[in-house]
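Data from protein.cif: mmCIF, C-alpha atoms and all ligand atoms
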```cif
data_protein
loop_
_atom_site.label_atom_id
_atom_site.label_comp_id
_atom_site.auth_asym_id
_atom_site.auth_seq_id
_atom_site.Cartn_x
_atom_site.Cartn_y
_atom_site.Cartn_z
CA MET A 1 -6.26 109.28 276.96
CA SER A 2 -5.85 106.17 274.97
CA VAL A 3 -6.78 103.26 277.23
CA PRO A 4 -6.47 100.54 274.54
CA LEU A 5 -2.90 101.54 273.70
CA ALA A 6 -1.94 101.87 277.35
CA LEU A 7 -3.26 98.33 277.95
CA LEU A 8 -1.27 97.09 274.93
CA GLY A 9 1.83 98.74 276.40
CA LEU A 10 1.29 96.98 279.71
CA LEU A 11 0.57 93.65 278.03
CA GLU A 12 3.77 93.93 276.06
CA ARG A 13 5.72 93.51 279.30
CA GLU A 14 4.08 90.15 280.00
CA PRO A 15 0.78 88.35 279.39
CA ARG A 16 -1.75 89.32 282.07
CA HIS A 17 -5.18 88.48 283.37
CA GLY A 18 -7.71 91.27 283.08
CA TYR A 19 -7.66 91.84 286.81
CA ASP A 20 -3.88 92.21 287.02
CA LEU A 21 -3.92 94.46 283.99
CA LYS A 22 -6.36 96.79 285.70
CA ARG A 23 -4.12 96.88 288.75
CA ASP A 24 -1.06 97.71 286.61
CA TYR A 25 -2.98 100.42 284.82
CA ASP A 26 -4.24 101.99 288.03
CA ALA A 27 -0.75 101.91 289.56
CA PHE A 28 0.86 103.75 286.66
CA PHE A 29 -1.87 105.88 285.11
CA GLY A 30 -5.07 105.67 287.11
CA ARG A 31 -4.13 107.12 290.44
CA ASP A 32 -6.88 109.74 290.35
CA LYS A 33 -9.17 107.77 288.14
CA PRO A 34 -9.03 103.97 288.38
CA LEU A 35 -10.14 102.08 285.31
CA PRO A 36 -13.54 100.36 285.82
CA PHE A 37 -13.52 96.60 285.32
CA GLY A 38 -16.23 96.87 282.72
CA GLN A 39 -14.03 99.10 280.60
CA VAL A 40 -11.04 96.77 280.94
CA TYR A 41 -13.01 93.78 279.65
CA ALA A 42 -14.80 95.74 276.95
CA THR A 43 -11.47 97.12 275.72
CA LEU A 44 -9.77 93.72 275.81
CA GLY A 45 -12.72 92.27 273.89
CA ARG A 46 -12.33 94.85 271.14
CA LEU A 47 -8.56 94.37 271.03
CA ALA A 48 -9.05 90.63 270.69
CA ARG A 49 -11.65 91.10 267.95
CA ASP A 50 -9.19 93.33 266.05
CA GLY A 51 -6.34 90.87 266.41
CA LYS A 52 -4.21 93.05 268.68
CA VAL A 53 -4.34 90.58 271.56
CA ILE A 54 -5.20 86.94 271.92
CA ALA A 55 -7.27 85.68 274.85
CA GLY A 56 -6.08 82.38 276.29
CA GLU A 57 -8.37 79.55 277.28
CA ALA A 58 -10.55 80.28 280.27
CA GLU A 59 -8.91 78.80 283.31
CA PRO A 60 -11.05 76.82 285.73
CA GLY A 61 -12.58 78.85 288.56
CA SER A 62 -15.29 81.41 288.98
CA GLY A 63 -15.64 85.04 287.91
CA PRO A 64 -14.82 86.70 284.61
CA ASP A 65 -11.10 87.03 285.26
CA ARG A 66 -10.07 83.63 284.04
CA LYS A 67 -8.40 84.47 280.77
CA ARG A 68 -4.86 85.48 280.18
CA TYR A 69 -4.27 88.01 277.40
CA VAL A 70 -1.22 88.02 275.10
CA ILE A 71 -0.25 90.86 272.75
CA THR A 72 0.12 89.97 269.05
CA ALA A 73 2.75 91.22 266.58
CA ASP A 74 0.07 93.47 265.14
CA GLY A 75 -0.60 94.85 268.62
CA VAL A 76 3.10 95.54 269.16
CA SER A 77 3.36 97.35 265.87
CA ASP A 78 0.34 99.56 266.74
CA LEU A 79 1.91 100.32 270.09
CA GLU A 80 5.25 101.22 268.52
CA ALA A 81 3.68 103.51 265.97
CA TRP A 82 1.68 105.25 268.67
CA LEU A 83 4.65 105.70 271.01
CA ALA A 84 6.75 107.31 268.30
CA GLU A 85 4.08 109.68 267.05
CA PRO A 86 3.81 113.18 268.55
CA VAL A 87 0.42 114.08 269.94
CA PRO A 88 -1.21 116.99 268.06
CA ALA A 89 -0.07 120.05 269.99
CA GLU A 90 -3.07 121.29 271.90
CA PRO A 91 -3.43 122.52 275.46
CA HIS A 92 -4.26 120.00 278.19
CA LEU A 93 -2.37 117.03 276.87
CA GLN A 94 -0.26 116.31 279.89
CA THR A 95 -1.67 112.88 280.66
CA VAL A 96 -1.11 111.49 277.16
CA LEU A 97 2.44 112.79 277.17
CA PHE A 98 2.97 111.19 280.55
CA VAL A 99 1.57 107.82 279.47
CA LYS A 100 3.77 107.72 276.38
CA VAL A 101 6.90 108.52 278.35
CA VAL A 102 6.16 105.92 281.04
CA LEU A 103 5.31 103.20 278.51
CA ALA A 104 8.45 103.96 276.49
CA LEU A 105 10.59 103.69 279.63
CA LEU A 106 8.81 100.54 280.80
CA SER A 107 9.56 98.83 277.53
CA GLY A 108 13.14 100.09 277.26
CA ARG A 109 12.34 102.23 274.20
CA SER A 110 13.81 105.69 273.69
CA ALA A 111 11.63 108.21 275.44
CA GLU A 112 14.13 110.85 274.36
CA THR A 113 13.32 110.43 270.69
CA TYR A 114 9.65 110.67 271.48
CA LEU A 115 10.14 113.79 273.60
CA ASP A 116 12.23 115.43 270.86
CA THR A 117 9.52 114.73 268.31
CA GLN A 118 6.83 116.00 270.66
CA ARG A 119 8.85 119.12 271.40
CA ALA A 120 9.21 119.82 267.67
CA ALA A 121 5.44 119.42 267.21
CA HIS A 122 4.80 121.81 270.09
CA MET A 123 7.24 124.37 268.75
CA ALA A 124 5.69 124.17 265.30
CA ARG A 125 2.24 124.85 266.77
CA MET A 126 3.62 127.69 268.89
CA ARG A 127 5.11 129.28 265.78
CA GLU A 128 1.72 129.09 264.06
CA LEU A 129 -0.01 130.66 267.04
CA THR A 130 2.66 133.38 267.30
CA GLU A 131 2.22 134.21 263.65
CA LEU A 132 -1.57 134.22 264.05
CA ARG A 133 -1.27 136.45 267.06
CA ARG A 134 0.93 138.95 265.24
CA SER A 135 -1.59 139.32 262.43
CA SER A 136 -4.89 139.27 264.29
CA THR A 137 -7.24 141.35 266.40
CA LEU A 138 -6.65 141.67 270.11
CA VAL A 139 -9.43 139.21 270.89
CA ASP A 140 -7.99 136.53 268.61
CA ALA A 141 -4.56 137.30 270.01
CA LEU A 142 -5.93 136.62 273.47
CA LEU A 143 -7.06 133.17 272.40
CA ALA A 144 -3.72 132.47 270.74
CA ASP A 145 -1.99 133.57 273.94
CA HIS A 146 -4.03 131.12 275.96
CA GLY A 147 -2.85 128.30 273.71
CA LEU A 148 0.74 129.57 273.76
CA PHE A 149 0.97 129.64 277.55
CA HIS A 150 -0.44 126.13 277.87
CA LEU A 151 1.85 124.72 275.21
CA GLU A 152 4.71 126.43 276.98
CA ALA A 153 3.78 124.63 280.18
CA ASP A 154 3.87 121.31 278.33
CA LEU A 155 7.25 122.21 276.86
CA ARG A 156 8.68 122.94 280.28
CA TRP A 157 7.48 119.57 281.41
CA ILE A 158 9.00 117.98 278.29
CA ASP A 159 12.36 119.64 278.98
CA LEU A 160 12.38 118.71 282.63
CA THR A 161 11.39 115.14 281.84
CA ALA A 162 14.07 114.89 279.15
CA SER A 163 16.67 115.96 281.68
CA ARG A 164 15.52 113.26 284.14
CA LEU A 165 15.08 110.31 281.81
CA ASP A 166 17.89 108.19 283.21
CA ALA A 167 16.65 108.45 286.78
CA LEU A 168 13.05 107.93 285.66
CA ALA A 169 13.92 104.80 283.72
CA LYS A 170 15.56 103.33 286.82
CA GLU A 171 12.52 104.06 288.95
CA VAL A 172 9.95 102.81 286.46
CA GLN A 173 11.83 99.62 285.66
CA ALA A 174 12.61 98.83 289.28
CA MET B 175 24.55 138.60 250.19
CA SER B 176 24.40 134.88 250.63
CA THR B 177 26.85 132.82 248.69
CA ALA B 178 25.28 131.20 245.68
CA GLY B 179 22.88 128.59 246.99
CA GLY B 180 24.62 128.01 250.33
CA PRO B 181 23.66 129.32 253.74
CA LEU B 182 24.89 132.73 254.80
CA LEU B 183 26.47 131.35 257.94
CA ALA B 184 27.48 127.75 258.58
CA ALA B 185 29.30 126.16 261.48
CA THR B 186 30.35 122.54 261.24
CA ASP B 187 31.41 120.17 264.03
CA LEU B 188 32.56 122.83 266.45
CA GLU B 189 34.46 121.77 269.54
CA LEU B 190 35.67 124.08 272.27
CA SER B 191 36.72 123.52 275.86
CA PHE B 192 37.37 125.97 278.64
CA GLY B 193 40.22 124.26 280.48
CA ALA B 194 38.85 120.85 281.39
CA THR B 195 35.23 121.86 280.69
CA PRO B 196 34.01 120.86 277.24
CA ALA B 197 31.52 123.57 276.22
CA LEU B 198 31.00 122.43 272.62
CA ARG B 199 31.51 118.78 271.68
CA SER B 200 30.03 118.67 268.22
CA ALA B 201 27.93 121.66 267.28
CA SER B 202 26.73 122.43 263.77
CA ILE B 203 24.28 125.04 262.59
CA THR B 204 23.38 126.87 259.39
CA VAL B 205 21.64 130.19 258.99
CA ASP B 206 20.25 131.43 255.69
CA ALA B 207 20.19 135.09 254.73
CA GLY B 208 17.25 136.76 256.45
CA GLU B 209 16.41 133.66 258.48
CA LEU B 210 15.53 133.68 262.19
CA VAL B 211 16.97 130.72 264.05
CA ALA B 212 16.37 130.11 267.75
CA VAL B 213 19.03 128.31 269.77
CA MET B 214 17.55 126.57 272.80
CA GLY B 215 18.71 124.10 275.42
CA PRO B 216 19.43 123.69 279.12
CA SER B 217 21.59 126.09 281.09
CA GLY B 218 25.27 125.37 280.58
CA SER B 219 24.66 123.35 277.41
CA GLY B 220 26.84 125.63 275.27
CA LYS B 221 24.38 128.03 273.63
CA SER B 222 26.31 131.21 274.34
CA THR B 223 29.59 129.57 273.42
CA LEU B 224 28.09 128.51 270.09
CA LEU B 225 26.82 132.02 269.46
CA HIS B 226 30.24 133.47 270.25
CA CYS B 227 31.91 131.06 267.83
CA LEU B 228 29.40 131.93 265.10
CA ALA B 229 30.03 135.62 265.63
CA GLY B 230 33.82 135.32 265.56
CA ILE B 231 34.19 136.32 269.21
CA LEU B 232 35.54 132.89 270.20
CA VAL B 233 37.56 130.57 268.00
CA PRO B 234 36.68 126.86 268.10
CA GLU B 235 39.45 124.32 268.63
CA HIS B 236 37.98 122.06 265.99
CA GLY B 237 35.51 122.53 263.16
CA GLN B 238 34.92 125.55 261.00
CA VAL B 239 32.76 128.64 260.72
CA VAL B 240 32.00 130.03 257.28
CA PHE B 241 30.27 133.36 256.81
CA ASP B 242 29.47 134.64 253.33
CA ALA B 243 32.06 132.28 251.82
CA ILE B 244 34.75 133.46 254.26
CA ARG B 245 36.25 130.99 256.71
CA ILE B 246 36.13 133.22 259.76
CA ASP B 247 37.54 130.92 262.46
CA THR B 248 40.98 131.13 260.86
CA LEU B 249 40.99 134.90 260.47
CA ARG B 250 43.24 136.96 262.70
CA GLU B 251 41.56 138.80 265.57
CA ALA B 252 41.77 142.18 263.82
CA ALA B 253 39.97 140.83 260.77
CA ARG B 254 37.30 139.15 262.90
CA SER B 255 36.79 142.30 264.85
CA GLU B 256 36.36 144.28 261.63
CA LEU B 257 33.85 141.69 260.40
CA ARG B 258 31.85 141.90 263.63
CA ARG B 259 31.73 145.66 263.38
CA SER B 260 30.76 145.82 259.73
CA ARG B 261 28.47 142.83 259.21
CA PHE B 262 27.05 141.78 262.60
CA GLY B 263 24.86 143.32 265.29
CA PHE B 264 24.69 142.20 268.92
CA VAL B 265 22.08 142.23 271.68
CA PHE B 266 22.71 140.66 275.07
CA GLN B 267 20.74 140.19 278.23
CA PHE B 268 22.15 143.08 280.28
CA GLY B 269 24.55 145.92 280.59
CA GLN B 270 25.44 146.66 277.06
CA LEU B 271 24.78 150.37 276.73
CA VAL B 272 27.68 152.70 277.36
CA PRO B 273 26.53 154.58 280.47
CA GLU B 274 28.40 157.81 279.62
CA LEU B 275 26.60 158.17 276.29
CA THR B 276 23.03 159.25 275.62
CA ALA B 277 20.59 156.76 274.16
CA GLU B 278 20.96 158.24 270.67
CA GLU B 279 24.75 158.20 270.89
CA ASN B 280 24.59 154.56 271.94
CA VAL B 281 22.48 153.75 268.91
CA ALA B 282 24.80 155.74 266.64
CA LEU B 283 27.91 154.03 267.99
CA PRO B 284 28.28 151.33 265.29
CA LEU B 285 27.98 154.04 262.62
CA LEU B 286 30.48 156.31 264.34
CA LEU B 287 32.93 153.41 264.60
CA GLU B 288 32.48 152.81 260.90
CA GLY B 289 33.50 156.40 260.23
CA VAL B 290 30.08 157.90 259.48
CA ARG B 291 30.08 161.62 260.32
CA ARG B 292 28.58 162.41 263.71
CA HIS B 293 25.73 164.48 262.35
CA ASP B 294 24.68 161.79 259.87
CA ALA B 295 25.15 158.99 262.37
CA LEU B 296 22.95 160.69 264.97
CA GLY B 297 20.35 161.43 262.29
CA ARG B 298 20.14 157.78 261.33
CA ALA B 299 20.10 156.74 264.97
CA ARG B 300 17.18 159.06 265.75
CA GLY B 301 15.19 157.45 262.96
CA TRP B 302 15.01 154.31 265.08
CA PHE B 303 13.50 155.91 268.16
CA ASP B 304 9.91 156.29 266.97
CA ARG B 305 10.00 152.98 265.26
CA LEU B 306 10.98 151.22 268.50
CA ASP B 307 8.51 153.23 270.60
CA LEU B 308 11.34 155.20 272.17
CA GLY B 309 10.31 158.68 270.97
CA GLY B 310 11.39 161.36 273.46
CA LEU B 311 14.09 159.26 275.12
CA GLU B 312 16.90 160.21 272.71
CA ARG B 313 18.90 162.21 275.25
CA ARG B 314 18.52 159.95 278.27
CA ARG B 315 21.45 157.99 279.59
CA SER B 316 21.16 154.26 280.24
CA GLY B 317 20.65 154.79 283.99
CA GLU B 318 17.52 156.80 283.16
CA LEU B 319 15.86 154.08 281.06
CA SER B 320 13.72 151.15 282.17
CA GLY B 321 15.03 147.66 281.40
CA GLY B 322 12.65 147.30 278.48
CA GLU B 323 13.56 150.71 277.09
CA ALA B 324 17.28 150.04 277.46
CA GLN B 325 16.80 146.74 275.66
CA ARG B 326 15.04 148.46 272.76
CA VAL B 327 17.88 151.00 272.57
CA ALA B 328 20.31 148.09 272.42
CA LEU B 329 18.16 146.59 269.67
CA ALA B 330 18.34 149.81 267.67
CA ARG B 331 22.10 149.81 268.09
CA ALA B 332 22.29 146.22 266.83
CA LEU B 333 20.18 147.06 263.78
CA VAL B 334 21.28 150.59 262.85
CA ALA B 335 24.10 149.61 260.49
CA GLY B 336 21.92 147.11 258.59
CA PRO B 337 23.87 144.02 259.66
CA ASP B 338 23.70 140.72 257.79
CA VAL B 339 23.27 138.88 261.08
CA VAL B 340 21.99 139.99 264.47
CA PHE B 341 23.23 137.82 267.35
CA ALA B 342 20.88 138.01 270.31
CA ASP B 343 21.70 136.17 273.55
CA GLU B 344 18.67 136.08 275.87
CA PRO B 345 17.54 139.52 274.68
CA THR B 346 14.35 139.22 276.73
CA GLY B 347 15.91 137.40 279.67
CA SER B 348 15.62 140.27 282.10
CA LEU B 349 12.21 141.51 280.98
CA ASP B 350 8.65 140.61 281.95
CA THR B 351 6.34 138.88 279.47
CA LEU B 352 4.89 142.02 277.96
CA ALA B 353 8.17 143.91 277.64
CA GLY B 354 9.82 140.79 276.25
CA GLU B 355 7.13 140.43 273.62
CA HIS B 356 7.50 144.06 272.70
CA VAL B 357 11.24 143.57 272.14
CA MET B 358 10.61 140.44 270.07
CA GLU B 359 7.93 142.07 267.89
CA LEU B 360 10.31 144.91 267.14
CA LEU B 361 13.33 142.69 266.56
CA VAL B 362 11.44 140.37 264.22
CA GLY B 363 9.73 143.22 262.37
CA ALA B 364 12.92 145.22 261.86
CA ALA B 365 15.06 142.20 260.97
CA ARG B 366 12.51 141.11 258.36
CA ASP B 367 12.24 144.63 256.93
CA GLN B 368 15.94 144.97 256.37
CA GLY B 369 16.63 141.31 255.62
CA SER B 370 18.93 140.70 258.58
CA ALA B 371 19.27 137.12 259.75
CA VAL B 372 18.89 136.61 263.51
CA VAL B 373 20.48 134.01 265.74
CA LEU B 374 18.45 134.08 268.92
CA VAL B 375 19.55 132.27 272.08
CA THR B 376 16.65 131.83 274.49
CA HIS B 377 15.26 129.59 277.23
CA ASP B 378 11.80 130.85 276.56
CA ALA B 379 9.70 128.80 274.14
CA ARG B 380 7.34 131.68 273.52
CA VAL B 381 10.30 133.82 272.46
CA ALA B 382 11.70 131.01 270.32
CA ALA B 383 8.32 130.71 268.59
CA TYR B 384 9.07 134.00 266.80
CA ALA B 385 11.87 132.24 264.92
CA ASP B 386 11.56 130.24 261.71
CA ARG B 387 13.00 127.14 263.36
CA GLU B 388 14.97 126.07 266.40
CA VAL B 389 18.20 124.27 267.06
CA ILE B 390 18.58 122.49 270.40
CA VAL B 391 21.94 122.35 272.18
CA ARG B 392 22.41 119.61 274.76
CA ASP B 393 25.71 118.93 276.37
CA GLY B 394 27.60 120.79 273.65
CA ARG B 395 25.86 118.98 270.80
CA THR B 396 23.25 120.35 268.45
CA THR B 397 20.12 118.60 267.30
CA SER B 398 17.62 120.20 265.02
CA LEU B 399 14.47 118.24 264.51
CA LEU B 400 12.06 119.18 261.82
CA PRO B 401 8.54 119.11 263.14
CA ALA B 402 6.80 115.86 262.33
CA ARG B 403 3.68 115.89 260.10
N1 LIG A 501 34.68 131.89 279.91
C1 LIG A 501 34.48 130.67 280.41
N2 LIG A 501 35.38 130.07 281.20
C2 LIG A 501 35.20 128.82 281.68
N3 LIG A 501 34.11 128.09 281.41
C3 LIG A 501 33.16 128.62 280.64
C4 LIG A 501 33.29 129.95 280.12
N4 LIG A 501 32.18 130.21 279.37
C5 LIG A 501 31.40 129.11 279.46
N5 LIG A 501 31.98 128.17 280.22
C6 LIG A 501 31.45 126.80 280.49
O1 LIG A 501 31.08 126.22 279.26
C7 LIG A 501 29.83 125.55 279.36
C8 LIG A 501 28.84 126.16 278.38
O2 LIG A 501 28.58 127.50 278.76
P1 LIG A 501 27.61 128.45 277.97
O3 LIG A 501 27.75 129.81 278.56
O4 LIG A 501 27.87 128.33 276.51
O5 LIG A 501 26.20 127.81 278.33
P2 LIG A 501 24.73 128.35 277.99
O6 LIG A 501 24.04 127.25 277.27
O7 LIG A 501 24.80 129.67 277.32
O8 LIG A 501 24.09 128.48 279.45
P3 LIG A 501 23.03 129.56 280.01
O9 LIG A 501 21.70 129.15 279.48
O10 LIG A 501 23.10 129.33 281.50
O11 LIG A 501 23.46 130.92 279.59
C9 LIG A 501 29.42 125.66 280.80
O12 LIG A 501 29.83 124.49 281.46
C10 LIG A 501 30.18 126.85 281.31
O13 LIG A 501 30.46 126.72 282.68
MG MG A 502 24.24 131.63 277.88
#
```
Would you mind writing the file's structure down as structure tokens?
Ligand SMILES: Nc1ncnc2c1ncn2[C@@H]1O[C@H](COP(=O)(O)OP(=O)(O)OP(=O)(O)O)[C@@H](O)[C@H]1O
Ligand SMILES: [Mg+2]
Amino acid sequence: MSVPLALLGLLEREPRHGYDLKRDYDAFFGRDKPLPFGQVYATLGRLARDGKVIAGEAEPGSGPDRKRYVITADGVSDLEAWLAEPVPAEPHLQTVLFVKVVLALLSGRSAETYLDTQRAAHMARMRELTELRRSSTLVDALLADHGLFHLEADLRWIDLTASRLDALAKEVQA
Amino acid sequence: MSTAGGPLLAATDLELSFGATPALRSASITVDAGELVAVMGPSGSGKSTLLHCLAGILVPEHGQVVFDAIRIDTLREAARSELRRSRFGFVFQFGQLVPELTAEENVALPLLLEGVRRHDALGRARGWFDRLDLGGLERRRSGELSGGEAQRVALARALVAGPDVVFADEPTGSLDTLAGEHVMELLVGAARDQGSAVVLVTHDARVAAYADREVIVRDGRTTSLLPAR
């Protein structure tokens, strides 16, 4: 999972303090696995160093959470490129697919275009594996089958999600 | 067989409604000679309707279908029927074998209808049985075959006359994974050997992955995305 890009996606909605950003992240993506504070600040530090976000002046008060972070144009363009790009089709991708769809919907971008691109990438990989399977030993075929069944599961999720995008957008943006 | 440079089969901007139900709103597809194209999409999106238009079974209200340089959507029914018999093969999900005929007679049927002598037609039909792992089942009737066996007999019937295009609508839809894969291996192998193009309608991504590319139908419209990268 790509925490820096997910944080950029959340920051694109509005400038946030580190603490609020962590809460947003956990609400959308971290239900089973909340993001540790240390990782939030370390990631924001790197993003600031690379010019993807700008940290505001520290506001008076105690504790580390006294800066507000703002995404830069460079950060937005990284986010956009990432959202549009299909993830290499491998088994066990579900969470990245999920994050991309939610971030696209949150920002009013077309999740449908992304899902279509992802679906095409998955189908292309499935064709490769099918071809491999047809020309290989039974043991290699077994491995190809394992990949094929997992990619198929992703594809079913992609199809189902595509058919529910309107309702999902309403819920996510509410 | 293909017209110089162009695709073997091309449908452009097809529209067709059943009463008030629009089944195709703007569907376009091309199929090259020998190419395997999967048609995918949600239930009710218009996949079967598109296949029927491509095969000259249904006539679109708008748009055109060109096969081998012939505009087939404007042909009269008799001419379309002749074209289907002589140039196309068909496999569907269920119930396509003639129950009164033996398996080998079912396979020979397209040849018999073309006027091939019975002896020769049955000889050619029998040639398909070993190839499709059906050896020994030549004289069974469809009620005496398993679903997978019946589907392979139907496959042989679709292929026996060396069609330019095989139209397959959910050919593995009623089979389990293994039997479905068996049917697909045989369909793909035989179609490639004799250079038949295949238009394959399926819900199943693993089945579609046997094709060269896929076309998605949603709400009566086609989209075909080339894979990124
Ligand atoms: N003969 C018919 N009479 C009336 N409506 C029809 C007829 N055939 C199809 N339809 C309608 O046209 C639309 C498209 O149907 P079609 O059979 O092409 O869908 P499909 O994509 O093949 O679906 P499935 O995956 O369930 O087979 C549907 O709304 C269906 O109800
Ligand atoms: Mg159908």
I'd like the neighbourhood of range 259-268 of chain B as a PDB file with C-alpha atoms, in the frame of the given file, where a residue qualifies if any of its atoms comes within 7 Å (using all atoms listed in the file), though same-chain residues fewer than 3 positions away should be ignored.
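The file below, out-v2.pdb, is the result:
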```pdb
ATOM      1  CA  SER B 255      36.790 142.300 264.850  1.00  0.00           C
ATOM      2  CA  GLU B 256      36.360 144.280 261.630  1.00  0.00           C
ATOM      3  CA  PRO B 284      28.280 151.330 265.290  1.00  0.00           C
ATOM      4  CA  ALA B 328      20.310 148.090 272.420  1.00  0.00           C
ATOM      5  CA  LEU B 329      18.160 146.590 269.670  1.00  0.00           C
ATOM      6  CA  ALA B 332      22.290 146.220 266.830  1.00  0.00           C
ATOM      7  CA  LEU B 333      20.180 147.060 263.780  1.00  0.00           C
ATOM      8  CA  PRO B 337      23.870 144.020 259.660  1.00  0.00           C
ATOM      9  CA  ASP B 338      23.700 140.720 257.790  1.00  0.00           C
ATOM     10  CA  VAL B 339      23.270 138.880 261.080  1.00  0.00           C
ATOM     11  CA  VAL B 340      21.990 139.990 264.470  1.00  0.00           C
ATOM     12  CA  PHE B 341      23.230 137.820 267.350  1.00  0.00           C
ATOM     13  CA  ALA B 342      20.880 138.010 270.310  1.00  0.00           C
ATOM     14  CA  ASP B 343      21.700 136.170 273.550  1.00  0.00           C
ATOM     15  CA  GLU B 344      18.670 136.080 275.870  1.00  0.00           C
ATOM     16  CA  PRO B 345      17.540 139.520 274.680  1.00  0.00           C
ATOM     17  CA  THR B 346      14.350 139.220 276.730  1.00  0.00           C
ATOM     18  CA  GLY B 347      15.910 137.400 279.670  1.00  0.00           C
ATOM     19  CA  SER B 348      15.620 140.270 282.100  1.00  0.00           C
TER      20      SER B 348
END
```
inquiry  = Using all atoms listed in the file and a distance of at most 10 Å, pull out the residues of chain A that contact chain B, as a ChimeraX atom specification.
reply    = /A:85-86,88,116-131,134,145,148-149,151-153,155-156,159-160,163
task = Quote the spacing between CA of Ser200 in chain B and atom C5 of ligand LIG 501 (chain A) in Å to one decimal place.
result =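 For CA of Ser200 in chain B relative to atom C5 of ligand LIG 501 (chain A), the distance reads 15.4 Å.
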inquiry  = Within 7 Å of ligand MG 502 (chain A) (counting all atoms listed in the file), which residues show up? I'd like them as a ChimeraX atom specification.
reply    = /B:217-218,221-222,343
key: Separation of CA of Leu97 in chain A from CA of Tyr114 in chain A, in Å and rounded to one decimal   =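 For CA of Leu97 in chain A relative to CA of Tyr114 in chain A, the distance reads 9.4 Å.
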ask   = Hey, can you check how far CA of Val233 in chain B sits from CA of Met358 in chain B?
value = 28.8 Å
remark   = In terms of all atoms listed in the file, the residue from B:Thr204, B:Thr248, B:Ser316, B:Thr376 at minimal distance from ligand LIG 501 (chain A) is B:Thr376
request  = Could you give me, as a count of residues only, the residues within 10 Å of Leu311 in chain B, counting all atoms listed in the file and dropping anything in the same chain fewer than 5 positions from it?
outcome  = 10
task = Give the answer as one residue: which of B:Glu189, B:Glu251, B:Glu209, B:Asp307 has the shortest atom-to-atom distance to ligand LIG 501 (chain A), using all atoms listed in the file?
result =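 Looking at the shortest contact to ligand LIG 501 (chain A), the residue is B:Glu189.
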message = Need to verify the contact set: Leu165 in chain A, 9 Å, only C-alpha atoms, exclusion of same-chain residues closer than 4 positions in sequence. Can you return it as number ranges by chain?
response = A: 105, 111-112, 160-161, 169-170
ask   = Contacts of Leu10 in chain A at 9 Å or less, counting all atoms listed in the file, minus same-chain residues fewer than 6 places along, as a ChimeraX atom specification?
value = /A:16,21,24-25,103,106-107
Axis-aligned box for ligand LIG 501 (chain A), 8 Å per side, centre and edges in Å as JSON:
```
{"center_x": 28.5, "center_y": 128.2, "center_z": 279.6, "size_x": 29.7, "size_y": 23.4, "size_z": 22.2}
```
Test item: residues at most 10 Å from range 68-72 of chain A, only C-alpha atoms, excluding those fewer than 6 positions along its chain, as a PyMOL selection string = chain A and resi 7-21+44+47-48+51-59+78
Write the residues of the selection above to a file with C-alpha atoms, as a PDB file, in the coordinates of the input.
```
ATOM      1  CA  LEU A   7      -3.260  98.330 277.950  1.00  0.00           C
ATOM      2  CA  LEU A   8      -1.270  97.090 274.930  1.00  0.00           C
ATOM      3  CA  GLY A   9       1.830  98.740 276.400  1.00  0.00           C
ATOM      4  CA  LEU A  10       1.290  96.980 279.710  1.00  0.00           C
ATOM      5  CA  LEU A  11       0.570  93.650 278.030  1.00  0.00           C
ATOM      6  CA  GLU A  12       3.770  93.930 276.060  1.00  0.00           C
ATOM      7  CA  ARG A  13       5.720  93.510 279.300  1.00  0.00           C
ATOM      8  CA  GLU A  14       4.080  90.150 280.000  1.00  0.00           C
ATOM      9  CA  PRO A  15       0.780  88.350 279.390  1.00  0.00           C
ATOM     10  CA  ARG A  16      -1.750  89.320 282.070  1.00  0.00           C
ATOM     11  CA  HIS A  17      -5.180  88.480 283.370  1.00  0.00           C
ATOM     12  CA  GLY A  18      -7.710  91.270 283.080  1.00  0.00           C
ATOM     13  CA  TYR A  19      -7.660  91.840 286.810  1.00  0.00           C
ATOM     14  CA  ASP A  20      -3.880  92.210 287.020  1.00  0.00           C
ATOM     15  CA  LEU A  21      -3.920  94.460 283.990  1.00  0.00           C
ATOM     16  CA  LEU A  44      -9.770  93.720 275.810  1.00  0.00           C
ATOM     17  CA  LEU A  47      -8.560  94.370 271.030  1.00  0.00           C
ATOM     18  CA  ALA A  48      -9.050  90.630 270.690  1.00  0.00           C
ATOM     19  CA  GLY A  51      -6.340  90.870 266.410  1.00  0.00           C
ATOM     20  CA  LYS A  52      -4.210  93.050 268.680  1.00  0.00           C
ATOM     21  CA  VAL A  53      -4.340  90.580 271.560  1.00  0.00           C
ATOM     22  CA  ILE A  54      -5.200  86.940 271.920  1.00  0.00           C
ATOM     23  CA  ALA A  55      -7.270  85.680 274.850  1.00  0.00           C
ATOM     24  CA  GLY A  56      -6.080  82.380 276.290  1.00  0.00           C
ATOM     25  CA  GLU A  57      -8.370  79.550 277.280  1.00  0.00           C
ATOM     26  CA  ALA A  58     -10.550  80.280 280.270  1.00  0.00           C
ATOM     27  CA  GLU A  59      -8.910  78.800 283.310  1.00  0.00           C
ATOM     28  CA  ASP A  78       0.340  99.560 266.740  1.00  0.00           C
TER      29      ASP A  78
END
```
message = Just checking: using only C-alpha atoms, which residue out of B:Gly230, B:Gly208, B:Gly317, B:Gly310 ends up closest to Gly369 in chain B?
response =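 Result for the nearest residue to Gly369 in chain B: B:Gly208.
The closest residue to Gly30 in chain A, picked from A:Leu138, A:Leu83, A:Val99, A:Ala73 and counting only C-alpha atoms, is A:Val99.
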key: Using only C-alpha atoms: which of A:Arg164, A:His150, A:Thr113, A:Leu143 has the shortest distance to Lys100 in chain A   =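 Selected residue with least distance to Lys100 in chain A: A:Thr113.
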